[in-house]
Structure formats: structure tokens, C-alpha cells
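Q: Mind looking over this structure? Questions follow.
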Amino acid sequence: MDADEVRERAGSLPREPGVYLFEQGRDDTRRVLYVGKAVDLCDRVRSYADPRSERIAKMVERAETIDFAVTDTETQALLLEANLIKRHRPPYNVRLKDDKSYPLVQLTDHAVPRIEVTRDPEDGATIYGPFTDKGRVETVVKALRETYGLRGCSDHKYSNRDRPCLDYEMGICTAPCTGEISETEYAEDVEAVTRYFEGETGVLADPLRREMETAAQNQEFERAANLRDKLGAVEALHGEGDTAVSDSGGSQTTDVLGAAIEGERAIVARLHAEGGKLVERDRHTLEAPDGEGTAGVYQAFIPQYYAERDLPDRILCAESPADPDIEAWLESEGVTLGVPGAGREATLVDLALKNARQRGGTDDESGRLADALGIDHPSRIEGFDVSHAQGRSAVGSNVTFVDGSPAKSDYRRKKLTERNDDYANMRELVRWRALRAVEGRDDRPDPDLLLIDGGDGQLGAARDALAETGWDVPAVALAKDEEMVITPDRVYDWDDDAPQLHLLQRVRDEAHRFAVQYHQTLRDDVSTTLDEVPGIGPETRKRLLRRFGSVDNVRTASDEELTAIDGIGEQTAETIRTRLQ
């Protein structure tokens, strides 16, 4: 895209706040190269006709189209930008290598819409946000459901009900699924909810305030206090009622940030203090394209890091993010942003910088692992394990660690083909994950490293699956008995206290725990189902499972096969067939 094309596209954009996306390719092959925010979309995009750096010039040259989204406020543009960077992982943005994003509220594209808080909205849904405080948003959505009765169930549950569910009994749904309210009346309630999110706060605040006053008059003080808290959340969602957090009780929280850049990788060290005492230290890795300074790192880190974390009362940086939108957003949330020049606060910033510049060490296990294996810094590691009982109830686990910590929202599990073959099970599990990645059906970012629970055989099976699907991700295995790390080229026998080994052990142990937990759940479900059949005791149940392997196989067995089991006569066989249908 040349300068004239940029100017032409910019001329068609609105003069409103929003986000813009430089994209390469079209339709299904489209790839987002860069995401930015703007107070005036037209002016901001036009400035790319004269790029401010060689890196941005390369991005513009590669771009073929420019997309955009309008927001109501500059703050919403800031938060939406952070969400889109997380989702699309554009190569020309500074990116925090985790997958947190800001919550949205969606009204689904359905004749009877459902309302829910989400980070991954459905196609066609009406979306509001993003918002900074998930707890506040959930409180507001609950208050809306209590007032207007919008459903929260899936479309599948909605279309298959013959009587109202528990939400109806609790008073948070008007049960349009069973005709307790007409679609026309329900649409009026949806309209009221829409008006609230479009800024008419009184649609929800007024009935809550009346209810609170009534509760207080009736001396229902606990209920009145709960309603007061809800009312505060309802008003604060639109920027009303937010005040700076005071430190009168000596409980002020402070995050101190220090950033260092190494090539295309940036490290941000965070020191967390409560009541004047340091209580937590951690380090975070970002992808920082060439030419990006530390101010840009802070500018990217702050909105992305606090996407799913509580904001502190103060944030201290070694350098200003130089972004008035970030400063305005933090101020609206009651957060003080400072760049101290002297005193104890400046000493804390220096300490954060030292942590950011530190190479290796026990608190940089990922860096040690990268050095030991000769790979890129593995900020994101996925672990795999399988579990079964002599081939029955076979399952696989897929856990995720980001910067050495479990990211449980990205855990996945899968039922596997019932067979007593660990290698085949591992091949099936990794192939399933790889196919979802290459076909774009997995919403998680690609990992930097796969860790296989097992030895050379399990690693070979996993690599076969990677080769078959074309998913290019390095994989290693960790054997339990000798704690040897196995790669395609060699075997490592690290010291027991090696930090990189500790990281792999945590991932391996968590994958094992998650797989065993799922296996036990399935096994218990089968046992419970057979326990409900009269005439089936523990020994007979064991014989049935040994013979048929699963309750599904028992269900489809013939009378001759069932009565061949000791303790099962024709009457019991008929009972089994009836109860398991």
C-alpha cells in the first residue's frame, strides 16, 4: 500500500474515536499486521502516508487493506485495541505474551437474545464494551437479569425445554423458552437493556434505587446495603461514581514497573507493594519489534497486563508511557501514574529495572530453559498426558503455562479412543490439538514449546502427529522415573535443582493431574450409572466393565452376551437394557 492509497482510505474514515487495523490479504487469508487506536480515525490513519519509522514503513508497504471500528470514547478505543492485539497477535505491535483480554457484554443474534459476559463474542451479536473490571460487569449483568429477566442459557438448552429452569425460579429469567413471557414482551425488555448500555443509566439505576430505599424503610439493612453496592456498580460502568482509592488505612497498593529490551524481546519486571511493603515480584515477556523504545513497551504492557487483573492504587514507571489515553483511563479508575525522580520510590523503580535486565537466574526459568535447549524464549508451554485403565475411559489432557504459571482458562481435555496403547493415544491427542491450530479452530495462541509426559516413544508419537499435520512447534518429553529431558537430538540429565527442570516438572505434573482427574470423572460416571440398575452389585459391575469396557458397550450388548456374564439372568438383562436406554 503506497502513500496515495493510505490517504484515499483515510479520507473515507469517520472523524470519531476508534481502532484501525492494517491487514494483509483478503477474505479467508486476511492477516492483521498492526492495530492502533485513535481519537480521530481519519487524521490518525492519514498520518501513515508518512510513516514515523522504518518498521512502520515496512508494515504499511505490506498492508493491502485498512479496517476500522468506531467506539464511543477514547478509553473504549484503548481497551478495544488491547483486546484486538491479544486476539490477532499482529507482528508489528508490542505484545504481552499471554492471552488475557478485557470483558465484553453481548446480546446474541437470536429471536430471543441471551445476555452474557464474554471475551470471545459470537458472530452477529450486539457487543458492548470492552470494560476494565470483570467483577463490576458481572454485577451489572446480574442486576439487569434480575430487573428485566433476560436469559443466560445456551441456544441448545433454550430450544429443548418443556418447563422453566432454576433461573426462572430464582427470578433472573422470565422463561421465554416455555412461553411464560411472549417474544414481543421479551423484546421490550431487551430494548431496555440496550438503552442502559447505550448510556441511559437510569433504566437500571432508578428501579434499584427505589428498591434500596424501600428495603431501608422496612429496616432490611443488609438487603439495602447489597442494593447500594449494585447501584454503585451500575453507575460506575458508565464512568459515574468512580473515586480515587484513598490510603487513609495504610492499605494502598502500588505496582512498580521496569522495562528492558533485548532484540525483539522485552522484559517488564513488576514489583507489587501493599501498605508500603513489597509482597510480590514477577517478570513478563513481550514481543517488541525492532525500533520500539521502552516508552512503547510501557504503553503496550499497561492496558494488556491489567486486562484481567485488579488495578493497583498507584503505578510507578521508569519512563512515562507518553499516551494521554492511558493516563486518562487510569485517572478515571482512580489510579495514580507516576515517574519518580528521587527518594524511596525512585529506588524501587531502579530495583524493578535491575529485575528486568537480569538474565537467567532462578526467577527466569523460561530463559534458562531456552538457553539449555537452544530454542527461542518459551513463554508459553503446553503440556500433554493421557490416562486410562487398561484401555478403558481413555482421556487426554492439554494444559497451558504462561511465564511459568498455569493459565487454567486455556486447559483442554479430550476423550480418546478406548485402547491400551499409550503411544497411539498420545498421537491422537497431539494430532487433535495440532489440527485445531492449523485449521484455525483453536482460539489459543500457538505455544512456544510442547512438553510430552513420557519417554522417547511418547515423544516420537507426538512428533509423528506434528509432521502429519504440518504444525511447526518444538516438542520435548520428560520421563518420570529418571527425570530425563528427551529431545529429538539428545537426552538431558540436569541437576535436581536446575530451574529449567523445575519448570518442566510443574507443567508435566499438572498435565498428569488434569488427565487423571478427568479419567476418574468418566470412570465414576460409568460406575454410578450401573449402580442404579437393580440386581447389579459391585462384583457383577466389575465383570460387566471387564467384558464390555464401557457403559455404552453394555447398553448395546445382546441378551446372549449379557446373560453369559455370571450373576446376570434374563430378568436382570432386561432391566439393564431398560435402565440404560
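We label chains A, B, ... in the order they appear in the C-alpha cells, count residues from 1 in each chain, and number ligands from 1 in the order shown.
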Under the rule of at most 8 Å, produce a per-residue listing of region 295-326 of chain A near region 332-350 of chain A: chain, number, name, the closest pair of atoms, and the distance in Å, as a tab-separated table, using only C-alpha atoms.

A:
```
residue	atom	partner	partner_atom	distance
A:Leu311	CA	A:Val335	CA	7.4
A:Pro312	CA	A:Val335	CA	6.7
A:Asp313	CA	A:Val335	CA	4.9
A:Arg314	CA	A:Thr336	CA	4.6
A:Ile315	CA	A:Leu337	CA	4.9
A:Leu316	CA	A:Gly338	CA	4.9
A:Cys317	CA	A:Val339	CA	5.2
A:Ala318	CA	A:Val339	CA	5.8
A:Glu319	CA	A:Val339	CA	6.1
A:Ser320	CA	A:Val339	CA	6.4
```

Q: Mind listing the helix (DSSP H, G or I) residues of region 114-291 of chain A, per DSSP on the backbone, as an NGL selection string?

A: :A and (134-148 or 155-159 or 166-170 or 176-178 or 183-197 or 202-217 or 221-236)

Q: Would you mind listing what lies within 9 Å of Leu84 (chain A) as a list in words, with only C-alpha atoms counted and same-chain residues fewer than 5 positions away left out?

A: Val35, Leu79, Arg89, Pro90 and Ser101 of chain A

Q: Go ahead and save the residues from that selection, with N, CA, C and O atoms, as a tab-separated table (two decimals), in the first residue's frame.

A:
```tsv
chain	number	residue	atom	x	y	z
A	35	VAL	N	-2.46	-3.04	14.83
A	35	VAL	CA	-3.69	-2.48	15.41
A	35	VAL	C	-3.32	-1.19	16.14
A	35	VAL	O	-2.32	-1.15	16.88
A	79	LEU	N	-9.04	0.20	25.25
A	79	LEU	CA	-9.27	-1.17	25.71
A	79	LEU	C	-9.55	-2.12	24.55
A	79	LEU	O	-9.11	-3.27	24.55
A	89	ARG	N	-2.69	-11.03	17.48
A	89	ARG	CA	-1.24	-11.14	17.62
A	89	ARG	C	-0.50	-10.51	16.43
A	89	ARG	O	0.33	-11.17	15.77
A	90	PRO	N	-0.77	-9.24	16.11
A	90	PRO	CA	-0.15	-8.62	14.94
A	90	PRO	C	1.35	-8.47	15.11
A	90	PRO	O	1.82	-8.09	16.19
A	101	SER	N	-7.67	-10.67	28.07
A	101	SER	CA	-8.33	-9.62	27.31
A	101	SER	C	-9.44	-9.03	28.17
A	101	SER	O	-9.81	-9.59	29.20
```

Q: Point out the residue among A:Arg210, A:His284, A:Arg46, A:Arg309 with the least atom-to-atom distance to Glu365 (chain A), counting only C-alpha atoms.

A: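 When distances to Glu365 (chain A) are compared using only C-alpha atoms, the smallest one comes from A:His284.
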
Q: When distances are computed from only C-alpha atoms, which of A:Lys415, A:His88, A:Arg145, A:Arg368 shows the smallest separation from Ala192 (chain A)?

A: A:Arg145

Q: What is the distance between CA of Val137 (chain A) and CA of Val117 (chain A), in Å to one decimal?

A: 7.4 Å

Q: Write out as JSON, numbers by chain all residues of region 253-400 of chain A that backbone DSSP assigns to strand (DSSP E).

A: {"A": [253, 254, 255, 256, 257, 258, 259, 260, 261, 262, 265, 266, 267, 268, 269, 270, 271, 272, 273, 274, 277, 278, 279, 280, 281, 282, 283, 284, 285, 286, 287, 314, 315, 316, 317, 336, 337, 338, 380, 381, 382, 383, 384, 385, 386, 387, 388, 389, 392, 393, 394, 395, 396, 397, 398, 399, 400]}

Q: Any idea what's packed within 12 Å of Val297 (chain A), counting only C-alpha atoms, ignoring anything in its chain fewer than 2 positions away? Could you give it as a PDB file with N, CA, C and O atoms, in the first residue's frame?

A:
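Written output follows (out06.pdb):
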```pdb
ATOM      1  N   ASN A  93       2.952  -4.951  16.360  1.00  0.00           N
ATOM      2  CA  ASN A  93       2.605  -4.387  17.659  1.00  0.00           C
ATOM      3  C   ASN A  93       3.498  -4.990  18.737  1.00  0.00           C
ATOM      4  O   ASN A  93       3.936  -6.140  18.628  1.00  0.00           O
ATOM      5  N   VAL A  94       3.737  -4.221  19.791  1.00  0.00           N
ATOM      6  CA  VAL A  94       4.335  -4.787  21.002  1.00  0.00           C
ATOM      7  C   VAL A  94       3.255  -5.613  21.671  1.00  0.00           C
ATOM      8  O   VAL A  94       2.143  -5.143  21.898  1.00  0.00           O
ATOM      9  N   ARG A  95       3.571  -6.885  22.013  1.00  0.00           N
ATOM     10  CA  ARG A  95       2.536  -7.791  22.524  1.00  0.00           C
ATOM     11  C   ARG A  95       2.995  -8.467  23.795  1.00  0.00           C
ATOM     12  O   ARG A  95       4.088  -9.036  23.875  1.00  0.00           O
ATOM     13  N   LEU A  96       2.159  -8.419  24.818  1.00  0.00           N
ATOM     14  CA  LEU A  96       2.370  -9.208  26.026  1.00  0.00           C
ATOM     15  C   LEU A  96       2.024 -10.645  25.716  1.00  0.00           C
ATOM     16  O   LEU A  96       0.945 -10.932  25.196  1.00  0.00           O
ATOM     17  N   LEU A 257       7.005  -0.730  37.830  1.00  0.00           N
ATOM     18  CA  LEU A 257       7.330  -1.393  36.574  1.00  0.00           C
ATOM     19  C   LEU A 257       8.687  -0.932  36.053  1.00  0.00           C
ATOM     20  O   LEU A 257       8.988   0.271  36.054  1.00  0.00           O
ATOM     21  N   GLY A 258       9.488  -1.896  35.616  1.00  0.00           N
ATOM     22  CA  GLY A 258      10.749  -1.601  34.955  1.00  0.00           C
ATOM     23  C   GLY A 258      10.842  -2.411  33.674  1.00  0.00           C
ATOM     24  O   GLY A 258      10.499  -3.600  33.676  1.00  0.00           O
ATOM     25  N   ALA A 259      11.300  -1.806  32.577  1.00  0.00           N
ATOM     26  CA  ALA A 259      11.320  -2.493  31.284  1.00  0.00           C
ATOM     27  C   ALA A 259      12.733  -2.490  30.699  1.00  0.00           C
ATOM     28  O   ALA A 259      13.483  -1.525  30.859  1.00  0.00           O
ATOM     29  N   ALA A 260      13.076  -3.596  30.038  1.00  0.00           N
ATOM     30  CA  ALA A 260      14.351  -3.718  29.328  1.00  0.00           C
ATOM     31  C   ALA A 260      14.088  -4.426  28.005  1.00  0.00           C
ATOM     32  O   ALA A 260      13.254  -5.334  27.933  1.00  0.00           O
ATOM     33  N   ILE A 261      14.791  -4.009  26.955  1.00  0.00           N
ATOM     34  CA  ILE A 261      14.602  -4.580  25.614  1.00  0.00           C
ATOM     35  C   ILE A 261      15.859  -5.335  25.208  1.00  0.00           C
ATOM     36  O   ILE A 261      16.975  -4.832  25.356  1.00  0.00           O
ATOM     37  N   GLU A 262      15.666  -6.568  24.731  1.00  0.00           N
ATOM     38  CA  GLU A 262      16.758  -7.388  24.216  1.00  0.00           C
ATOM     39  C   GLU A 262      16.359  -7.867  22.820  1.00  0.00           C
ATOM     40  O   GLU A 262      15.598  -8.816  22.684  1.00  0.00           O
ATOM     41  N   GLU A 264      14.293  -8.425  19.784  1.00  0.00           N
ATOM     42  CA  GLU A 264      12.843  -8.324  19.560  1.00  0.00           C
ATOM     43  C   GLU A 264      12.059  -8.834  20.759  1.00  0.00           C
ATOM     44  O   GLU A 264      10.877  -9.158  20.648  1.00  0.00           O
ATOM     45  N   ARG A 265      12.730  -8.888  21.915  1.00  0.00           N
ATOM     46  CA  ARG A 265      12.063  -9.338  23.137  1.00  0.00           C
ATOM     47  C   ARG A 265      12.222  -8.265  24.200  1.00  0.00           C
ATOM     48  O   ARG A 265      13.290  -7.683  24.354  1.00  0.00           O
ATOM     49  N   ALA A 266      11.143  -7.981  24.907  1.00  0.00           N
ATOM     50  CA  ALA A 266      11.192  -7.034  26.012  1.00  0.00           C
ATOM     51  C   ALA A 266      10.780  -7.741  27.294  1.00  0.00           C
ATOM     52  O   ALA A 266       9.919  -8.631  27.280  1.00  0.00           O
ATOM     53  N   ILE A 267      11.394  -7.358  28.406  1.00  0.00           N
ATOM     54  CA  ILE A 267      11.054  -7.894  29.717  1.00  0.00           C
ATOM     55  C   ILE A 267      10.537  -6.751  30.570  1.00  0.00           C
ATOM     56  O   ILE A 267      11.169  -5.691  30.657  1.00  0.00           O
ATOM     57  N   VAL A 268       9.384  -6.945  31.188  1.00  0.00           N
ATOM     58  CA  VAL A 268       8.872  -5.989  32.165  1.00  0.00           C
ATOM     59  C   VAL A 268       8.860  -6.674  33.519  1.00  0.00           C
ATOM     60  O   VAL A 268       8.229  -7.725  33.702  1.00  0.00           O
ATOM     61  N   ALA A 269       9.580  -6.111  34.463  1.00  0.00           N
ATOM     62  CA  ALA A 269       9.565  -6.615  35.834  1.00  0.00           C
ATOM     63  C   ALA A 269       8.554  -5.799  36.636  1.00  0.00           C
ATOM     64  O   ALA A 269       8.498  -4.567  36.519  1.00  0.00           O
ATOM     65  N   HIS A 284       7.645 -10.443  33.042  1.00  0.00           N
ATOM     66  CA  HIS A 284       6.756 -10.754  31.927  1.00  0.00           C
ATOM     67  C   HIS A 284       7.455 -10.455  30.610  1.00  0.00           C
ATOM     68  O   HIS A 284       8.175  -9.462  30.485  1.00  0.00           O
ATOM     69  N   THR A 285       7.229 -11.334  29.654  1.00  0.00           N
ATOM     70  CA  THR A 285       7.878 -11.217  28.347  1.00  0.00           C
ATOM     71  C   THR A 285       6.917 -10.640  27.322  1.00  0.00           C
ATOM     72  O   THR A 285       5.758 -11.036  27.254  1.00  0.00           O
ATOM     73  N   LEU A 286       7.408  -9.702  26.512  1.00  0.00           N
ATOM     74  CA  LEU A 286       6.637  -9.142  25.408  1.00  0.00           C
ATOM     75  C   LEU A 286       7.435  -9.308  24.132  1.00  0.00           C
ATOM     76  O   LEU A 286       8.662  -9.361  24.152  1.00  0.00           O
ATOM     77  N   GLU A 287       6.728  -9.398  23.028  1.00  0.00           N
ATOM     78  CA  GLU A 287       7.366  -9.356  21.725  1.00  0.00           C
ATOM     79  C   GLU A 287       7.458  -7.898  21.305  1.00  0.00           C
ATOM     80  O   GLU A 287       6.442  -7.220  21.170  1.00  0.00           O
ATOM     81  N   ALA A 288       8.677  -7.408  21.115  1.00  0.00           N
ATOM     82  CA  ALA A 288       8.882  -5.999  20.797  1.00  0.00           C
ATOM     83  C   ALA A 288       9.586  -5.878  19.459  1.00  0.00           C
ATOM     84  O   ALA A 288      10.784  -6.132  19.363  1.00  0.00           O
ATOM     85  N   PRO A 289       8.885  -5.520  18.391  1.00  0.00           N
ATOM     86  CA  PRO A 289       9.524  -5.387  17.080  1.00  0.00           C
ATOM     87  C   PRO A 289      10.650  -4.367  17.104  1.00  0.00           C
ATOM     88  O   PRO A 289      10.693  -3.475  17.956  1.00  0.00           O
ATOM     89  N   ASP A 290      11.582  -4.495  16.166  1.00  0.00           N
ATOM     90  CA  ASP A 290      12.718  -3.579  16.064  1.00  0.00           C
ATOM     91  C   ASP A 290      12.259  -2.123  16.049  1.00  0.00           C
ATOM     92  O   ASP A 290      11.261  -1.773  15.411  1.00  0.00           O
ATOM     93  N   GLY A 291      13.015  -1.284  16.735  1.00  0.00           N
ATOM     94  CA  GLY A 291      12.738   0.138  16.718  1.00  0.00           C
ATOM     95  C   GLY A 291      11.816   0.607  17.813  1.00  0.00           C
ATOM     96  O   GLY A 291      11.587   1.803  17.964  1.00  0.00           O
ATOM     97  N   GLU A 292      11.267  -0.307  18.590  1.00  0.00           N
ATOM     98  CA  GLU A 292      10.344   0.060  19.658  1.00  0.00           C
ATOM     99  C   GLU A 292      11.142   0.437  20.899  1.00  0.00           C
ATOM    100  O   GLU A 292      12.039  -0.289  21.333  1.00  0.00           O
ATOM    101  N   GLY A 293      10.863   1.603  21.488  1.00  0.00           N
ATOM    102  CA  GLY A 293      11.551   2.029  22.701  1.00  0.00           C
ATOM    103  C   GLY A 293      10.825   1.574  23.949  1.00  0.00           C
ATOM    104  O   GLY A 293       9.728   1.017  23.890  1.00  0.00           O
ATOM    105  N   THR A 294      11.440   1.840  25.121  1.00  0.00           N
ATOM    106  CA  THR A 294      10.827   1.383  26.373  1.00  0.00           C
ATOM    107  C   THR A 294       9.510   2.095  26.661  1.00  0.00           C
ATOM    108  O   THR A 294       8.622   1.526  27.293  1.00  0.00           O
ATOM    109  N   ALA A 295       9.361   3.333  26.198  1.00  0.00           N
ATOM    110  CA  ALA A 295       8.067   4.010  26.383  1.00  0.00           C
ATOM    111  C   ALA A 295       6.955   3.237  25.684  1.00  0.00           C
ATOM    112  O   ALA A 295       5.846   3.088  26.213  1.00  0.00           O
ATOM    113  N   GLN A 299       3.660   1.458  27.231  1.00  0.00           N
ATOM    114  CA  GLN A 299       2.387   1.810  26.595  1.00  0.00           C
ATOM    115  C   GLN A 299       1.594   0.558  26.229  1.00  0.00           C
ATOM    116  O   GLN A 299       0.373   0.528  26.345  1.00  0.00           O
ATOM    117  N   ALA A 300       2.290  -0.492  25.792  1.00  0.00           N
ATOM    118  CA  ALA A 300       1.605  -1.740  25.437  1.00  0.00           C
ATOM    119  C   ALA A 300       1.311  -2.588  26.668  1.00  0.00           C
ATOM    120  O   ALA A 300       0.256  -3.214  26.769  1.00  0.00           O
ATOM    121  N   PHE A 301       2.260  -2.606  27.607  1.00  0.00           N
ATOM    122  CA  PHE A 301       2.134  -3.503  28.756  1.00  0.00           C
ATOM    123  C   PHE A 301       0.965  -3.139  29.660  1.00  0.00           C
ATOM    124  O   PHE A 301       0.188  -4.004  30.085  1.00  0.00           O
ATOM    125  N   ILE A 302       0.816  -1.858  29.974  1.00  0.00           N
ATOM    126  CA  ILE A 302      -0.165  -1.470  30.998  1.00  0.00           C
ATOM    127  C   ILE A 302      -1.590  -1.884  30.635  1.00  0.00           C
ATOM    128  O   ILE A 302      -2.251  -2.578  31.416  1.00  0.00           O
ATOM    129  N   PRO A 303      -2.129  -1.518  29.460  1.00  0.00           N
ATOM    130  CA  PRO A 303      -3.515  -1.953  29.175  1.00  0.00           C
ATOM    131  C   PRO A 303      -3.644  -3.452  28.963  1.00  0.00           C
ATOM    132  O   PRO A 303      -4.675  -4.033  29.304  1.00  0.00           O
ATOM    133  N   GLN A 304      -2.602  -4.114  28.410  1.00  0.00           N
ATOM    134  CA  GLN A 304      -2.706  -5.556  28.169  1.00  0.00           C
ATOM    135  C   GLN A 304      -2.583  -6.354  29.467  1.00  0.00           C
ATOM    136  O   GLN A 304      -3.316  -7.315  29.688  1.00  0.00           O
ATOM    137  N   TYR A 305      -1.658  -5.972  30.339  1.00  0.00           N
ATOM    138  CA  TYR A 305      -1.443  -6.726  31.576  1.00  0.00           C
ATOM    139  C   TYR A 305      -2.658  -6.639  32.497  1.00  0.00           C
ATOM    140  O   TYR A 305      -3.074  -7.634  33.106  1.00  0.00           O
ATOM    141  N   CYS A 317       6.544   4.012  37.048  1.00  0.00           N
ATOM    142  CA  CYS A 317       7.326   3.542  35.902  1.00  0.00           C
ATOM    143  C   CYS A 317       8.661   4.285  35.860  1.00  0.00           C
ATOM    144  O   CYS A 317       8.801   5.395  36.385  1.00  0.00           O
ATOM    145  N   ALA A 318       9.625   3.658  35.195  1.00  0.00           N
ATOM    146  CA  ALA A 318      10.909   4.325  34.984  1.00  0.00           C
ATOM    147  C   ALA A 318      10.797   5.398  33.909  1.00  0.00           C
ATOM    148  O   ALA A 318      11.637   6.291  33.825  1.00  0.00           O
ATOM    149  N   GLU A 319       9.763   5.309  33.087  1.00  0.00           N
ATOM    150  CA  GLU A 319       9.578   6.243  31.973  1.00  0.00           C
ATOM    151  C   GLU A 319       8.088   6.358  31.693  1.00  0.00           C
ATOM    152  O   GLU A 319       7.345   5.386  31.827  1.00  0.00           O
ATOM    153  N   SER A 320       7.632   7.521  31.325  1.00  0.00           N
ATOM    154  CA  SER A 320       6.214   7.717  31.052  1.00  0.00           C
ATOM    155  C   SER A 320       5.798   6.974  29.784  1.00  0.00           C
ATOM    156  O   SER A 320       6.532   6.967  28.797  1.00  0.00           O
ATOM    157  N   PRO A 321       4.626   6.340  29.811  1.00  0.00           N
ATOM    158  CA  PRO A 321       4.123   5.695  28.588  1.00  0.00           C
ATOM    159  C   PRO A 321       3.849   6.688  27.464  1.00  0.00           C
ATOM    160  O   PRO A 321       3.679   6.286  26.315  1.00  0.00           O
ATOM    161  N   ALA A 322       3.807   7.982  27.802  1.00  0.00           N
ATOM    162  CA  ALA A 322       3.600   9.034  26.796  1.00  0.00           C
ATOM    163  C   ALA A 322       2.337   8.799  25.988  1.00  0.00           C
ATOM    164  O   ALA A 322       2.328   8.957  24.769  1.00  0.00           O
ATOM    165  N   ASP A 323       1.274   8.410  26.677  1.00  0.00           N
ATOM    166  CA  ASP A 323       0.000   8.176  25.993  1.00  0.00           C
ATOM    167  C   ASP A 323      -1.106   8.813  26.837  1.00  0.00           C
ATOM    168  O   ASP A 323      -1.449   8.299  27.900  1.00  0.00           O
TER     169      ASP A 323
END
```

Q: Any idea what's packed within 9 Å of Leu504 (chain A), counting only C-alpha atoms, ignoring anything in its chain fewer than 3 positions away? Could you give it as a PyMOL selection string?

A: chain A and resi 369+381+383+451+478+485+499-501+507-509

Q: From the options A:Ala498, A:Ala465, A:Val203, A:Ile568, which residue's atoms come nearest to Glu235 (chain A), counting only C-alpha atoms?

A: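 Of A:Ala498, A:Ala465, A:Val203, A:Ile568, the one nearest Glu235 (chain A), counting only C-alpha atoms, is A:Val203.
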
Q: Hey, what's within 10 Å of Glu539 (chain A) if we count only C-alpha atoms and toss same-chain stuff fewer than 3 positions away? As a list of chain:residue names, please?

A: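 Returned residues: A:Ile536, A:Lys542, A:Arg543, A:Leu544, A:Asp566, A:Gly567.
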
Q: Find the residues near Val234 (chain A): any atom within 8 Å, counting only C-alpha atoms, skip ones fewer than 4 places away on the same chain, and give them as a list in words.

A: Arg136, Thr139, Val140, Thr201, Leu204, Ala205, Lys230 and His238 of chain A

Q: Smallest atom-to-atom distance to Asp421 (chain A): which of A:Asn398, A:Gln458, A:Thr563, A:Ser405, using only C-alpha atoms?

A: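 Smallest separation from Asp421 (chain A) among the options: A:Gln458.
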
Q: In Å, with one decimal, what is the gap from CA of Leu21 (chain A) to CA of Phe401 (chain A)?

A: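 Computed distance, CA of Leu21 (chain A) to CA of Phe401 (chain A), equals 29.2 Å.
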
Q: Mind giving me the straight-line distance from CA of His156 (chain A) to CA of Asp109 (chain A) in Å, one decimal?

A: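 Computing it gives 14.0 Å between the two atoms.
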